[in-house]
$ cat input32.txt   # compact mmCIF, C-alpha atoms and all ligand atoms
# COMPACT_ATOMS: atom_id res chain seq x y z
CA MET A 848 -5.15 20.77 56.97
CA ALA A 849 -8.01 22.46 55.12
CA LYS A 850 -8.29 23.71 51.57
CA CYS A 851 -5.57 25.94 50.05
CA GLN A 852 -6.39 29.59 50.78
CA MET A 853 -5.03 31.03 47.54
CA LYS A 854 -7.24 32.95 45.17
CA LYS A 855 -5.53 32.15 41.92
CA GLY A 856 -5.72 33.97 38.62
CA PHE A 857 -4.88 37.36 37.19
CA PHE A 858 -7.90 38.94 35.45
CA PHE A 859 -10.23 36.34 36.98
CA LEU A 860 -9.83 35.22 40.57
CA ARG A 861 -10.96 31.80 41.68
CA GLU A 862 -10.47 29.36 44.54
CA CYS A 863 -7.70 26.79 44.53
CA GLU A 864 -9.24 23.36 44.97
CA ASN A 865 -6.09 21.66 46.32
CA GLN A 866 -5.57 20.62 49.92
CA ALA A 867 -3.24 22.84 51.93
CA THR A 868 0.04 21.30 53.02
CA THR A 869 2.11 24.16 54.48
CA THR A 870 1.62 27.41 56.39
CA CYS A 871 3.09 30.60 54.95
CA THR A 872 5.63 32.04 57.41
CA VAL A 873 4.73 35.59 56.33
CA CYS A 874 0.92 35.78 56.28
CA GLY A 875 0.11 32.64 58.27
CA ARG A 876 -2.38 31.30 55.74
CA GLU A 877 -2.32 27.70 54.55
CA PHE A 878 -1.48 26.67 51.01
CA CYS A 879 -0.94 23.76 48.66
CA ASN A 880 2.48 23.01 47.16
CA GLU A 881 1.63 24.71 43.89
CA HIS A 882 1.15 28.03 45.68
CA MET A 883 4.14 27.79 47.97
CA ARG A 884 7.83 28.55 47.43
CA ILE A 885 10.92 28.82 49.59
CA ILE A 886 11.68 32.45 50.48
CA PRO A 887 15.13 33.28 49.10
CA GLY A 888 17.81 33.54 51.76
CA LYS A 889 15.48 32.40 54.55
CA ASN A 890 14.85 28.75 53.83
CA GLN A 891 11.26 29.18 55.03
CA PRO A 892 8.03 28.59 53.14
CA GLY A 893 6.22 31.63 51.74
CA CYS A 894 3.10 31.80 49.60
CA LEU A 895 3.06 33.22 46.08
CA ASP A 896 1.15 36.30 47.26
CA CYS A 897 3.76 37.18 49.91
CA LEU A 898 6.77 36.26 47.78
CA GLY A 899 5.35 38.14 44.78
CA LYS A 900 4.70 41.26 46.85
CA GLN A 901 8.25 41.14 48.24
CA MET A 902 9.60 40.87 44.72
CA GLN A 903 7.60 43.92 43.65
CA THR A 904 8.91 46.09 46.51
CA GLN A 905 12.47 44.91 45.87
CA LYS A 906 12.09 46.01 42.29
CA ASP A 907 10.51 49.33 43.22
CA GLU A 908 13.25 50.20 45.65
CA LYS A 909 15.90 49.28 43.13
CA ALA A 910 17.43 47.49 46.04
CA ARG A 911 18.04 44.47 43.87
CA LYS A 912 21.57 43.24 44.10
CA LYS A 913 23.37 42.10 40.94
CA ASP A 914 23.03 38.42 41.72
CA ASP A 915 19.58 38.71 43.10
CA ASP A 916 18.17 35.73 44.99
CA TYR A 917 14.77 36.43 43.51
CA ASP A 918 16.01 35.89 39.97
CA ASP A 919 14.86 32.29 40.00
CA TYR A 920 11.34 33.45 40.70
CA TYR A 921 11.23 36.29 38.23
CA TYR A 922 10.15 34.05 35.34
CA ASP A 923 7.90 32.00 37.62
CA SER A 924 4.25 32.41 38.69
CA SER A 925 5.51 34.31 41.76
CA TRP A 926 6.08 37.31 39.53
CA SER A 927 2.50 37.50 38.28
CA TYR A 928 1.10 36.93 41.79
CA GLY A 929 2.98 39.98 43.01
CA TYR A 930 2.43 41.99 39.87
CA ARG A 931 -1.37 41.54 39.90
CA TYR A 932 -1.78 43.78 42.99
CA HIS A 933 0.34 46.47 41.40
CA TYR A 934 -1.70 46.10 38.19
CA TYR A 935 -5.14 46.32 39.88
CA ARG A 936 -4.09 49.49 41.71
CA ASN A 937 -2.44 51.32 38.82
CA ASN A 938 -4.98 50.38 36.16
CA ASN A 939 -8.13 50.61 38.29
CA TYR A 940 -8.85 47.03 37.40
CA SER A 941 -11.41 45.04 39.36
CA PRO A 942 -10.80 41.34 38.89
CA TRP A 943 -13.76 39.07 38.26
CA TYR A 944 -14.31 36.64 41.09
CA ASP A 945 -15.78 33.26 40.38
CA GLY A 946 -16.26 31.65 43.78
CA ASP A 947 -18.27 31.74 46.96
CA ASP A 948 -15.82 33.16 49.51
CA LEU A 949 -16.07 36.91 49.08
CA ASN A 950 -15.42 37.59 52.78
CA ASP A 951 -11.79 36.55 52.77
CA SER A 952 -10.13 39.43 54.65
CA TYR A 953 -6.77 38.99 52.87
CA TYR A 954 -8.37 40.05 49.60
CA SER A 955 -10.72 42.67 51.05
CA GLU A 956 -8.66 45.54 49.57
CA LEU A 957 -9.54 44.28 46.10
CA ASP A 958 -12.62 45.59 44.39
CA VAL A 959 -13.75 42.29 42.90
CA ARG A 960 -16.65 41.85 40.52
CA SER A 961 -18.83 38.83 40.86
CA PHE A 962 -20.84 36.90 38.31
CA ASP A 963 -23.44 36.54 41.05
CA ASP A 964 -24.84 39.86 39.87
CA LYS A 965 -26.79 37.70 37.47
CA GLU A 966 -28.94 36.44 40.33
CA ILE A 967 -29.77 39.99 41.42
CA ASP A 968 -31.30 40.57 38.04
CA GLU A 969 -33.35 37.47 38.41
CA VAL A 970 -34.58 38.36 41.87
CA GLY A 971 -35.22 42.08 41.92
CA ALA A 972 -36.68 43.94 38.98
CA ASP A 973 -35.45 47.28 40.42
CA ASP A 974 -31.82 46.22 40.39
CA SER A 975 -32.27 45.10 36.86
CA LEU A 976 -33.60 48.53 35.89
CA ASP A 977 -30.63 50.28 37.55
CA TYR A 978 -28.31 48.07 35.65
CA GLN A 979 -30.00 48.85 32.34
CA ALA A 980 -29.91 52.59 33.06
CA GLU A 981 -26.19 52.44 33.76
CA ALA A 982 -25.63 50.52 30.58
CA ASN A 983 -27.46 53.17 28.57
CA VAL A 984 -25.19 55.92 29.85
CA PHE A 985 -22.25 54.19 28.27
CA ASP A 986 -24.15 53.62 25.06
CA SER A 987 -24.73 57.28 24.39
CA MET B 1267 31.60 34.32 37.65
CA VAL B 1268 28.94 35.34 35.20
CA ILE B 1269 30.81 34.25 32.05
CA VAL B 1270 31.14 30.68 33.30
CA SER B 1271 27.59 30.58 34.58
CA ALA B 1272 26.19 31.93 31.28
CA LEU B 1273 28.09 29.21 29.40
CA LYS B 1274 26.79 26.61 31.86
CA LYS B 1275 23.24 27.82 31.35
CA TYR B 1276 23.65 27.71 27.59
CA PHE B 1277 24.97 24.16 27.56
CA ALA B 1278 22.19 23.09 29.96
CA LEU B 1279 19.55 24.04 27.35
CA ASP B 1280 18.01 21.17 25.42
CA SER B 1281 18.36 20.76 21.66
CA LYS B 1282 14.98 22.40 20.91
CA GLN B 1283 15.82 25.45 23.00
CA LYS B 1284 19.19 25.75 21.27
CA GLU B 1285 17.43 25.37 17.93
CA PHE B 1286 15.18 28.28 18.86
CA ILE B 1287 18.24 30.43 19.61
CA ARG B 1288 19.74 29.41 16.26
CA THR B 1289 16.67 29.83 14.06
CA GLY B 1290 14.91 32.54 16.07
CA GLN B 1291 11.46 31.21 15.36
CA ARG B 1292 9.01 28.60 16.56
CA ILE B 1293 5.30 27.84 16.58
CA PHE B 1294 3.86 26.35 19.74
CA LEU B 1295 0.60 24.68 20.60
CA ALA B 1296 1.17 23.78 24.20
CA ARG B 1297 -0.22 23.88 27.71
CA PRO B 1298 0.91 26.97 29.67
CA GLU B 1299 3.10 24.84 31.90
CA GLU B 1300 4.89 23.22 28.94
CA LEU B 1301 5.36 26.58 27.31
CA LEU B 1302 6.88 28.12 30.43
CA THR B 1303 9.10 25.09 30.95
CA PHE B 1304 10.46 25.79 27.47
CA LEU B 1305 10.78 29.57 27.84
CA LYS B 1306 12.00 30.00 31.43
CA PRO B 1307 15.51 28.53 30.95
CA LEU B 1308 15.89 30.63 27.79
CA ALA B 1309 14.94 33.76 29.75
CA GLY B 1310 17.35 32.90 32.59
CA PHE B 1311 20.12 32.18 30.12
CA ASP B 1312 19.52 35.36 28.11
CA LYS B 1313 19.81 37.52 31.21
CA GLU B 1314 23.20 36.02 32.07
CA CYS B 1315 24.23 36.15 28.43
CA ASP B 1316 23.77 39.92 28.41
CA SER B 1317 25.84 40.43 31.56
CA ALA B 1318 28.47 37.93 30.38
CA ARG B 1319 28.89 39.84 27.14
CA SER B 1320 29.43 43.15 28.86
CA ARG B 1321 31.82 41.45 31.31
CA CYS B 1322 33.86 40.15 28.34
CA GLY B 1323 34.02 43.69 27.01
CA LEU B 1324 35.21 45.00 30.36
CA PHE B 1325 37.89 42.30 30.71
CA MET B 1326 39.18 42.96 27.19
CA PHE B 1327 39.59 46.60 28.12
CA LEU B 1328 41.37 45.66 31.37
CA VAL B 1329 43.73 43.25 29.58
CA ILE B 1330 44.79 45.97 27.13
CA LEU B 1331 45.12 48.52 29.92
CA GLY B 1332 47.14 46.08 32.05
CA TRP B 1333 49.41 45.31 29.12
CA PHE B 1334 50.09 49.01 28.52
CA VAL B 1335 50.83 49.66 32.20
CA MET B 1336 53.13 46.66 32.31
CA MET B 1337 55.00 47.78 29.20
CA ILE B 1338 55.51 51.25 30.64
CA PHE B 1339 56.74 50.03 34.04
CA THR B 1340 59.04 47.38 32.68
CA GLY B 1341 60.39 49.36 29.77
CA GLY B 1342 58.96 46.88 27.30
CA GLU B 1343 60.68 43.88 28.88
CA PRO B 1344 58.07 42.40 31.25
CA SER B 1345 59.01 39.49 33.44
CA ILE B 1346 56.67 37.78 35.86
CA PHE B 1347 57.56 34.54 37.71
CA SER B 1348 60.74 34.52 35.62
CA LEU B 1349 58.73 34.01 32.42
CA ARG B 1350 60.24 35.35 29.25
CA PRO B 1351 58.65 38.51 27.75
CA ALA B 1352 57.59 36.57 24.61
CA THR B 1353 55.70 34.03 26.75
CA ILE B 1354 53.97 36.83 28.65
CA HIS B 1355 52.95 38.55 25.43
CA PHE B 1356 51.68 35.24 24.08
CA PHE B 1357 49.49 34.70 27.17
CA ILE B 1358 48.08 38.20 27.02
CA VAL B 1359 47.22 37.84 23.34
CA ALA B 1360 45.66 34.42 24.02
CA ILE B 1361 43.50 35.78 26.86
CA PHE B 1362 42.45 38.74 24.74
CA PHE B 1363 41.38 36.58 21.78
CA THR B 1364 39.57 34.12 24.05
CA LEU B 1365 37.58 37.03 25.46
CA LEU B 1366 36.95 38.38 21.98
CA PHE B 1367 35.73 34.99 20.81
CA LEU B 1368 33.42 34.70 23.84
CA TYR B 1369 32.13 38.22 23.24
CA PHE B 1370 31.08 37.35 19.68
CA PHE B 1371 29.75 33.97 20.78
CA PHE B 1372 27.51 35.62 23.40
CA ARG B 1373 26.40 38.12 20.80
CA LYS B 1374 25.52 35.37 18.35
CA ILE B 1375 23.44 33.41 20.85
CA ASP B 1376 21.74 36.48 22.26
CA ILE B 1377 17.94 36.61 22.18
CA HIS B 1378 16.09 39.94 21.99
CA ASN B 1379 15.16 41.04 25.50
CA ASN B 1380 11.51 41.05 24.45
CA LEU B 1381 11.56 37.31 25.11
CA ARG B 1382 12.36 37.54 28.80
CA GLU B 1383 10.92 40.96 29.53
CA PHE B 1384 7.71 40.72 27.51
CA VAL B 1385 6.83 37.24 26.26
CA VAL B 1386 7.55 35.36 29.50
CA PRO B 1387 5.63 37.79 31.80
CA ILE B 1388 2.70 37.87 29.33
CA ILE B 1389 2.47 34.07 29.05
CA ASN B 1390 2.92 33.90 32.82
CA SER B 1391 0.00 36.27 33.46
CA ILE B 1392 -2.33 34.83 30.82
CA SER B 1393 -1.68 31.28 31.97
CA GLN B 1394 -2.97 32.15 35.46
CA ASP B 1395 -6.40 32.56 33.88
CA MET B 1396 -6.36 29.37 31.86
CA ASN B 1397 -7.50 25.90 32.70
CA LYS B 1398 -4.51 23.61 33.04
CA ASP B 1399 -5.31 21.48 30.02
CA GLU B 1400 -6.11 24.31 27.61
CA LYS B 1401 -3.39 25.04 25.09
CA ILE B 1402 -1.85 28.32 24.06
CA ARG B 1403 -1.14 28.85 20.39
CA LEU B 1404 1.98 30.95 20.11
CA LYS B 1405 4.11 32.04 17.18
CA LEU B 1406 7.45 33.64 17.99
CA ASP B 1407 9.75 35.23 15.45
CA PHE B 1408 12.98 36.55 16.93
CA ARG B 1409 15.03 36.36 13.74
CA GLY B 1410 15.65 40.11 13.88
CA LYS B 1411 13.67 43.20 13.02
CA CYS B 1412 15.55 44.47 10.03
CA ILE B 1413 16.35 41.36 8.02
CA PRO B 1414 15.77 41.22 4.23
CA ALA B 1415 12.83 38.81 4.65
CA LYS B 1416 10.98 41.46 6.64
CA GLN B 1417 11.64 44.34 4.30
CA LEU B 1418 8.54 46.08 2.92
CA LYS B 1419 9.98 48.78 0.69
CA GLN B 1420 13.02 50.98 0.22
CA GLU B 1421 13.31 54.58 -0.88
CA LYS B 1422 16.60 55.95 -2.17
CA HIS B 1423 17.44 59.59 -2.52
CA ASP B 1424 20.70 59.80 -4.38
CA PRO B 1425 21.55 63.15 -5.99
CA GLY B 1426 24.32 61.49 -8.02
CA TRP B 1427 28.06 60.79 -7.82
CA PHE B 1428 29.91 62.81 -5.22
CA SER B 1429 26.71 64.70 -4.37
CA TYR B 1430 25.35 64.73 -0.85
CA PRO B 1431 23.31 64.09 1.24
CA LYS B 1432 22.45 60.57 0.16
CA GLU B 1433 19.57 58.87 1.92
CA THR B 1434 18.16 55.37 2.03
CA ILE B 1435 14.96 54.74 3.94
CA THR B 1436 13.98 51.13 4.46
CA PHE B 1437 10.67 50.00 5.93
CA TYR B 1438 10.25 46.67 7.66
CA ARG B 1439 7.40 44.72 9.20
CA ASP B 1440 8.22 42.39 12.09
CA ASN B 1441 5.33 40.43 13.56
CA TRP B 1442 7.38 38.84 16.32
CA LEU B 1443 4.55 37.66 18.55
CA ASP B 1444 1.20 36.19 17.70
CA GLY B 1445 -0.92 34.03 19.94
CA SER B 1446 -4.30 32.96 21.20
CA ALA B 1447 -5.74 31.14 24.18
CA ILE B 1448 -9.07 30.19 25.76
CA LEU B 1449 -9.41 31.78 29.18
CA HIS B 1450 -11.01 30.33 32.28
CA ASP B 1451 -14.40 31.97 31.56
CA GLY B 1452 -14.52 30.58 28.00
CA SER B 1453 -13.48 33.85 26.35
CA LYS B 1454 -11.04 33.58 23.51
CA LEU B 1455 -8.03 35.87 23.72
CA PHE B 1456 -5.94 36.92 20.71
CA PHE B 1457 -2.74 38.90 21.07
CA SER B 1458 0.02 40.09 18.80
CA VAL B 1459 2.86 42.57 18.54
CA THR B 1460 4.06 43.87 15.20
CA ASP B 1461 7.01 46.22 15.00
CA LEU B 1462 7.25 48.55 12.02
CA PRO B 1463 10.85 49.79 11.89
CA ARG B 1464 11.90 52.61 9.61
CA LYS B 1465 15.64 52.65 9.03
CA LEU B 1466 17.20 55.84 7.80
CA GLU B 1467 20.75 55.69 6.46
CA ARG B 1468 22.14 59.06 5.64
CA SER B 1469 25.56 60.22 4.50
CA LYS B 1470 26.45 63.84 4.17
CA LYS B 1471 29.50 65.96 3.63
CA ASN B 1472 30.52 68.28 6.45
CA PRO B 1473 32.01 71.73 5.74
CA ARG B 1474 35.54 70.28 5.89
CA GLY B 1475 34.70 67.86 3.11
CA LYS B 1476 34.53 64.75 5.31
CA ILE B 1477 31.74 62.28 4.59
CA LYS B 1478 29.76 61.24 7.63
CA SER B 1479 27.29 58.38 7.73
CA LYS B 1480 24.52 57.91 10.24
CA THR B 1481 21.86 55.27 10.77
CA LYS B 1482 18.71 56.13 12.63
CA TYR B 1483 15.71 54.03 13.54
CA LYS B 1484 12.13 54.87 14.29
CA ILE B 1485 10.03 51.93 15.36
CA LYS B 1486 6.29 51.74 15.73
CA HIS B 1487 5.27 48.92 18.06
CA ARG B 1488 1.73 47.86 17.24
CA ILE B 1489 0.26 45.95 20.17
CA LYS B 1490 -3.05 44.28 19.47
CA VAL B 1491 -5.36 42.42 21.80
CA GLY B 1492 -8.72 40.87 21.00
CA LEU B 1493 -11.28 39.16 23.19
CA ALA B 1494 -14.25 37.14 22.00
CA LEU B 1495 -16.60 37.29 24.97
CA LYS B 1496 -19.56 34.94 25.20
CA ASN B 1497 -22.87 36.79 25.04
CA LYS B 1498 -24.20 34.21 27.47
CA ASN B 1499 -21.78 35.55 30.11
CA TYR B 1500 -21.24 39.21 29.28
CA SER B 1501 -22.83 42.27 27.87
CA PHE B 1502 -20.32 44.68 26.44
CA ASN B 1503 -20.60 48.43 26.31
CA GLU B 1504 -18.47 50.64 24.15
CA ASN B 1505 -17.31 53.62 26.19
CA GLU B 1506 -14.74 56.37 26.07
CA ARG B 1507 -12.45 54.64 28.54
CA LEU B 1508 -11.60 52.10 25.89
CA THR B 1509 -10.11 54.61 23.49
CA ALA B 1510 -8.87 57.02 26.18
CA ALA B 1511 -5.15 56.43 25.68
CA GLY B 1512 -5.43 56.79 21.92
CA ASP B 1513 -6.09 53.07 21.54
CA ARG B 1514 -8.03 51.96 18.48
CA LEU B 1515 -11.22 50.00 19.10
CA LYS B 1516 -12.92 47.48 16.85
CA HIS B 1517 -16.13 45.84 17.94
CA LYS B 1518 -18.13 43.17 16.17
CA GLN B 1519 -21.35 41.96 17.70
CA GLY B 1520 -21.90 38.33 16.81
CA GLU B 1521 -24.75 35.99 17.59
CA LYS B 1522 -22.81 34.06 20.22
CA ARG B 1523 -19.85 36.32 20.96
CA ASN B 1524 -18.88 39.94 21.10
CA VAL B 1525 -15.49 40.36 19.49
CA ILE B 1526 -13.63 43.39 20.80
CA SER B 1527 -10.13 44.39 19.83
CA LEU B 1528 -7.89 47.21 20.98
CA THR B 1529 -4.71 48.33 19.29
CA ARG B 1530 -2.06 50.52 20.86
CA VAL B 1531 0.86 52.03 19.00
CA LEU B 1532 4.06 52.95 20.84
CA ILE B 1533 7.11 54.54 19.33
CA SER B 1534 10.79 54.01 20.10
CA ASN B 1535 14.05 54.69 18.33
CA SER B 1536 16.09 51.56 18.87
CA VAL B 1537 15.78 48.02 17.55
CA ASP B 1538 16.76 46.90 21.04
CA SER B 1539 13.90 48.62 22.85
CA VAL B 1540 11.63 46.34 24.79
CA VAL B 1541 7.84 46.46 24.84
CA GLU B 1542 6.62 46.50 28.42
CA PRO B 1543 4.13 43.81 29.47
CA ILE B 1544 1.79 46.44 30.88
CA SER B 1545 1.08 47.83 27.40
CA MET B 1546 -0.62 44.56 26.49
CA LEU B 1547 -2.07 43.71 29.91
CA ALA B 1548 -3.65 47.17 30.11
CA LEU B 1549 -5.54 46.55 26.86
CA ILE B 1550 -6.92 43.20 28.08
CA GLY B 1551 -7.93 44.88 31.35
CA LYS B 1552 -9.72 47.72 29.57
CA ILE B 1553 -11.83 45.32 27.52
CA LEU B 1554 -12.69 43.23 30.57
CA MET B 1555 -13.57 46.36 32.58
CA SER B 1556 -16.10 47.28 29.90
CA ALA B 1557 -17.79 43.92 30.15
CA ARG B 1558 -20.65 43.27 32.57
CA PRO B 1559 -22.35 40.10 33.58
CA ALA B 1560 -25.04 39.27 31.02
CA THR B 1561 -28.53 39.91 32.26
CA VAL B 1562 -30.33 36.65 32.74
CA LYS B 1563 -33.97 36.97 31.89
CA GLY B 1564 -35.69 35.40 34.85
ZN ZN A 1601 1.70 34.40 52.55
ZN ZN A 1602 -3.28 26.19 46.00
$ encode --input "input32.txt" --output "structure tokens"
Amino acid sequence: MAKCQMKKGFFFLRECENQATTTCTVCGREFCNEHMRIIPGKNQPGCLDCLGKQMQTQKDEKARKKDDDYDDYYYDSSWSYGYRYHYYRNNNYSPWYDGDDLNDSYYSELDVRSFDDKEIDEVGADDSLDYQAEANVFDS
Amino acid sequence: MVIVSALKKYFALDSKQKEFIRTGQRIFLARPEELLTFLKPLAGFDKECDSARSRCGLFMFLVILGWFVMMIFTGGEPSIFSLRPATIHFFIVAIFFTLLFLYFFFRKIDIHNNLREFVVPIINSISQDMNKDEKIRLKLDFRGKCIPAKQLKQEKHDPGWFSYPKETITFYRDNWLDGSAILHDGSKLFFSVTDLPRKLERSKKNPRGKIKSKTKYKIKHRIKVGLALKNKNYSFNENERLTAAGDRLKHKQGEKRNVISLTRVLISNSVDSVVEPISMLALIGKILMSARPATVKG
């Protein structure tokens, strides 16, 4: 199997360097053990993104039963993986992305910011001017 | 059954976790994983502890109700499985006091919900942006908001003997969370929550001459977040978005780092109210949204 397909992080996204070991039964991507869990009640592997998103919708719908199967995951990383999407949307937050795979379709809905903008400044003087102008607007 | 499972979870905690429940405070310098390994079982236990306590309350009510019903239907001479009435009464009293004991026990070992509903999600989110071997410095103080050690000042308005209304206002300062961590990009994050409770105790005489006492709370939750961003990586622009929600901004431009802090104040009227993780995460997000990649002079 290839490299784990998870973009980890909350405010900063980055690639997971581990080797993938299992395929997520929800999204079909491949992940390492750290980014995989067993989906409650299904006994099938699911990635933190998919599990986290399921947990968020369960919470939203108030469909959570008293002895919720997801309870074990609520204090686990799964929670923040699901919560980050909710957070980006509701707070207009664009996570920084420190990596070289910006074309990953799974994350295409996210408006990521890249540190590679640095290179633009180095290459084109015009871009650099635009950037300065924008910065000045905020200064005033 | 939630009472049994809460007890099981409590006895499964290690001695340091139980010590935290007992003393209410602890200072950590630990990797995110170690910290969460410590906090997660406490969070899981606390959730069950809350439901177990209310279950005890419910059962106590049912025992009393059942006893009344039984007394009415049997004319005060209950007999079940040919047991004598005295034995039955003894069992009922024993069950009631066991439940009462458990109720107070669960109340004694209860942790403020801020631990599981605020601290754990915050540490969870921050740790996603940390390198595995970096350590979080964290100071927790869950001893209680309105304890004598946290009292700032007290004002008494007493018009004299048998004169009303009498008022005592006590101010407290409870810095229950304080921490810092180095994030993945090398930025240093500081975060803290300080509650400022104001307790108003008032007794007054109603028109019929009865004296009524009331205690009211007003709590300011001061949530503070600071980020020291490396100038090498970011340029930072002050803008109106930062202070949009009434948040207070402080900005210090240093030679190597820009230090930006945002403070948000929320108000509630119960010592039990929980601060939501979003109130802190939103502040971190606002600072990071105002940062741009530093321009490299090529
Ligand atoms: Zn998945
Ligand atoms: Zn991974």
$ residues_around --input "input32.txt" --residues "Tyr928 (chain A)" --least-positions-apart "6" --cutoff "12 Å" --atoms "all atoms listed in the file" --output "VMD selection string"
(chain A and resid 853 to 858 860 882 to 883 894 to 903 920 to 922 934 to 935) or (chain B and resid 1387 1390 to 1395)
$ residues_around --input "input32.txt" --residues "Arg1488 (chain B)" --least-positions-apart "6" --cutoff "9 Å" --atoms "only C-alpha atoms" --output "list in words"
Ser1458, Val1459, Thr1460, Asp1461, Leu1462, Thr1529, Arg1530, Val1531, Leu1532 and Ile1533 of chain B
$ residues_around --input "input32.txt" --residues "Leu1495 (chain B)" --least-positions-apart "6" --cutoff "7 Å" --atoms "only C-alpha atoms" --output "list of chain:residue names"
B:Ser1453, B:Lys1454, B:Arg1523, B:Asn1524, B:Val1525
$ closest_residue --input "input32.txt" --among "B:Thr1434, B:Ser1317, B:Gln1417, B:Ser1429" --to "chain A" --atoms "only C-alpha atoms"
B:Ser1317
$ atom_distance --input "input32.txt" --atom1 "CA of Leu1324 (chain B)" --atom2 "CA of Phe1362 (chain B)"
11.1 Å
$ residues_near_ligand --input "input32.txt" --ligand "ligand ZN 1602 (chain A)" --cutoff "6 Å" --atoms "all atoms listed in the file" --output "number ranges by chain"
A: 851, 853, 863, 865, 878-879, 881-882
$ atom_distance --input "input32.txt" --atom1 "CA of Glu1521 (chain B)" --atom2 "CA of Tyr944 (chain A)"
25.7 Å
$ closest_residue --input "input32.txt" --among "B:Val1385, B:Val1491, B:Cys1315, B:Leu1365" --to "chain A" --atoms "all atoms listed in the file"
B:Val1385
$ closest_residue --input "input32.txt" --among "A:Tyr953, A:Arg960, A:Asn937, A:Ser924" --to "ligand ZN 1601 (chain A)" --atoms "only C-alpha atoms and all ligand atoms"
A:Tyr953
$ atom_distance --input "input32.txt" --atom1 "CA of Arg1319 (chain B)" --atom2 "CA of Asp1538 (chain B)"
15.3 Å
$ interface_residues --input "input32.txt" --of "chain B" --to "chain A" --cutoff "10 Å" --atoms "all atoms listed in the file" --output "VMD selection string"
chain B and resid 1268 1302 to 1303 1305 to 1307 1309 to 1310 1313 to 1314 1317 1382 to 1383 1386 to 1396 1449 to 1451 1499 to 1507 1544 1547 to 1548 1550 to 1552 1554 to 1556 1558 to 1564
$ closest_residue --input "input32.txt" --among "A:Ala849, A:Val959, A:Cys874, A:Ala867" --to "ligand ZN 1601 (chain A)" --atoms "only C-alpha atoms and all ligand atoms"
A:Cys874
$ residues_near_point --input "input32.txt" --point "(-6.2, 33.2, 20.7)" --cutoff "8 Å" --atoms "all atoms listed in the file" --output "list in words"
Ile1402, Arg1403, Gly1445, Ser1446, Ala1447, Ile1448, Lys1454, Leu1455, Phe1456 and Phe1457 of chain B
$ closest_residue --input "input32.txt" --among "A:Asp947, A:Asp958, A:Glu862, A:Glu877" --to "ligand ZN 1601 (chain A)" --atoms "only C-alpha atoms and all ligand atoms"
A:Glu877
$ closest_residue --input "input32.txt" --among "B:Phe1286, B:Phe1372, B:Phe1357, B:Phe1334" --to "Asp1312 (chain B)" --atoms "only C-alpha atoms"
B:Phe1372
$ decode --input "input32.txt" --residues "region 1304-1325 of chain B" --atoms "C-alpha atoms" --output "PDB file, in the first residue's frame"
ATOM      1  CA  PHE B1304      -4.291  11.290  31.511  1.00  0.00           C
ATOM      2  CA  LEU B1305      -7.373  13.398  30.755  1.00  0.00           C
ATOM      3  CA  LYS B1306      -9.514  11.081  28.605  1.00  0.00           C
ATOM      4  CA  PRO B1307     -10.420   8.552  31.342  1.00  0.00           C
ATOM      5  CA  LEU B1308     -11.238  11.461  33.670  1.00  0.00           C
ATOM      6  CA  ALA B1309     -13.553  12.932  31.024  1.00  0.00           C
ATOM      7  CA  GLY B1310     -15.245   9.564  30.396  1.00  0.00           C
ATOM      8  CA  PHE B1311     -15.653   8.996  34.112  1.00  0.00           C
ATOM      9  CA  ASP B1312     -17.017  12.494  34.763  1.00  0.00           C
ATOM     10  CA  LYS B1313     -19.718  12.067  32.136  1.00  0.00           C
ATOM     11  CA  GLU B1314     -20.934   8.845  33.758  1.00  0.00           C
ATOM     12  CA  CYS B1315     -20.565  10.386  37.201  1.00  0.00           C
ATOM     13  CA  ASP B1316     -23.047  13.103  36.277  1.00  0.00           C
ATOM     14  CA  SER B1317     -25.631  10.634  34.969  1.00  0.00           C
ATOM     15  CA  ALA B1318     -25.029   8.272  37.900  1.00  0.00           C
ATOM     16  CA  ARG B1319     -25.717  11.077  40.355  1.00  0.00           C
ATOM     17  CA  SER B1320     -28.996  12.028  38.748  1.00  0.00           C
ATOM     18  CA  ARG B1321     -29.930   8.326  38.568  1.00  0.00           C
ATOM     19  CA  CYS B1322     -29.325   8.041  42.336  1.00  0.00           C
ATOM     20  CA  GLY B1323     -31.626  11.003  42.854  1.00  0.00           C
ATOM     21  CA  LEU B1324     -34.318   9.405  40.719  1.00  0.00           C
ATOM     22  CA  PHE B1325     -34.071   6.047  42.527  1.00  0.00           C
TER      23      PHE B1325
END
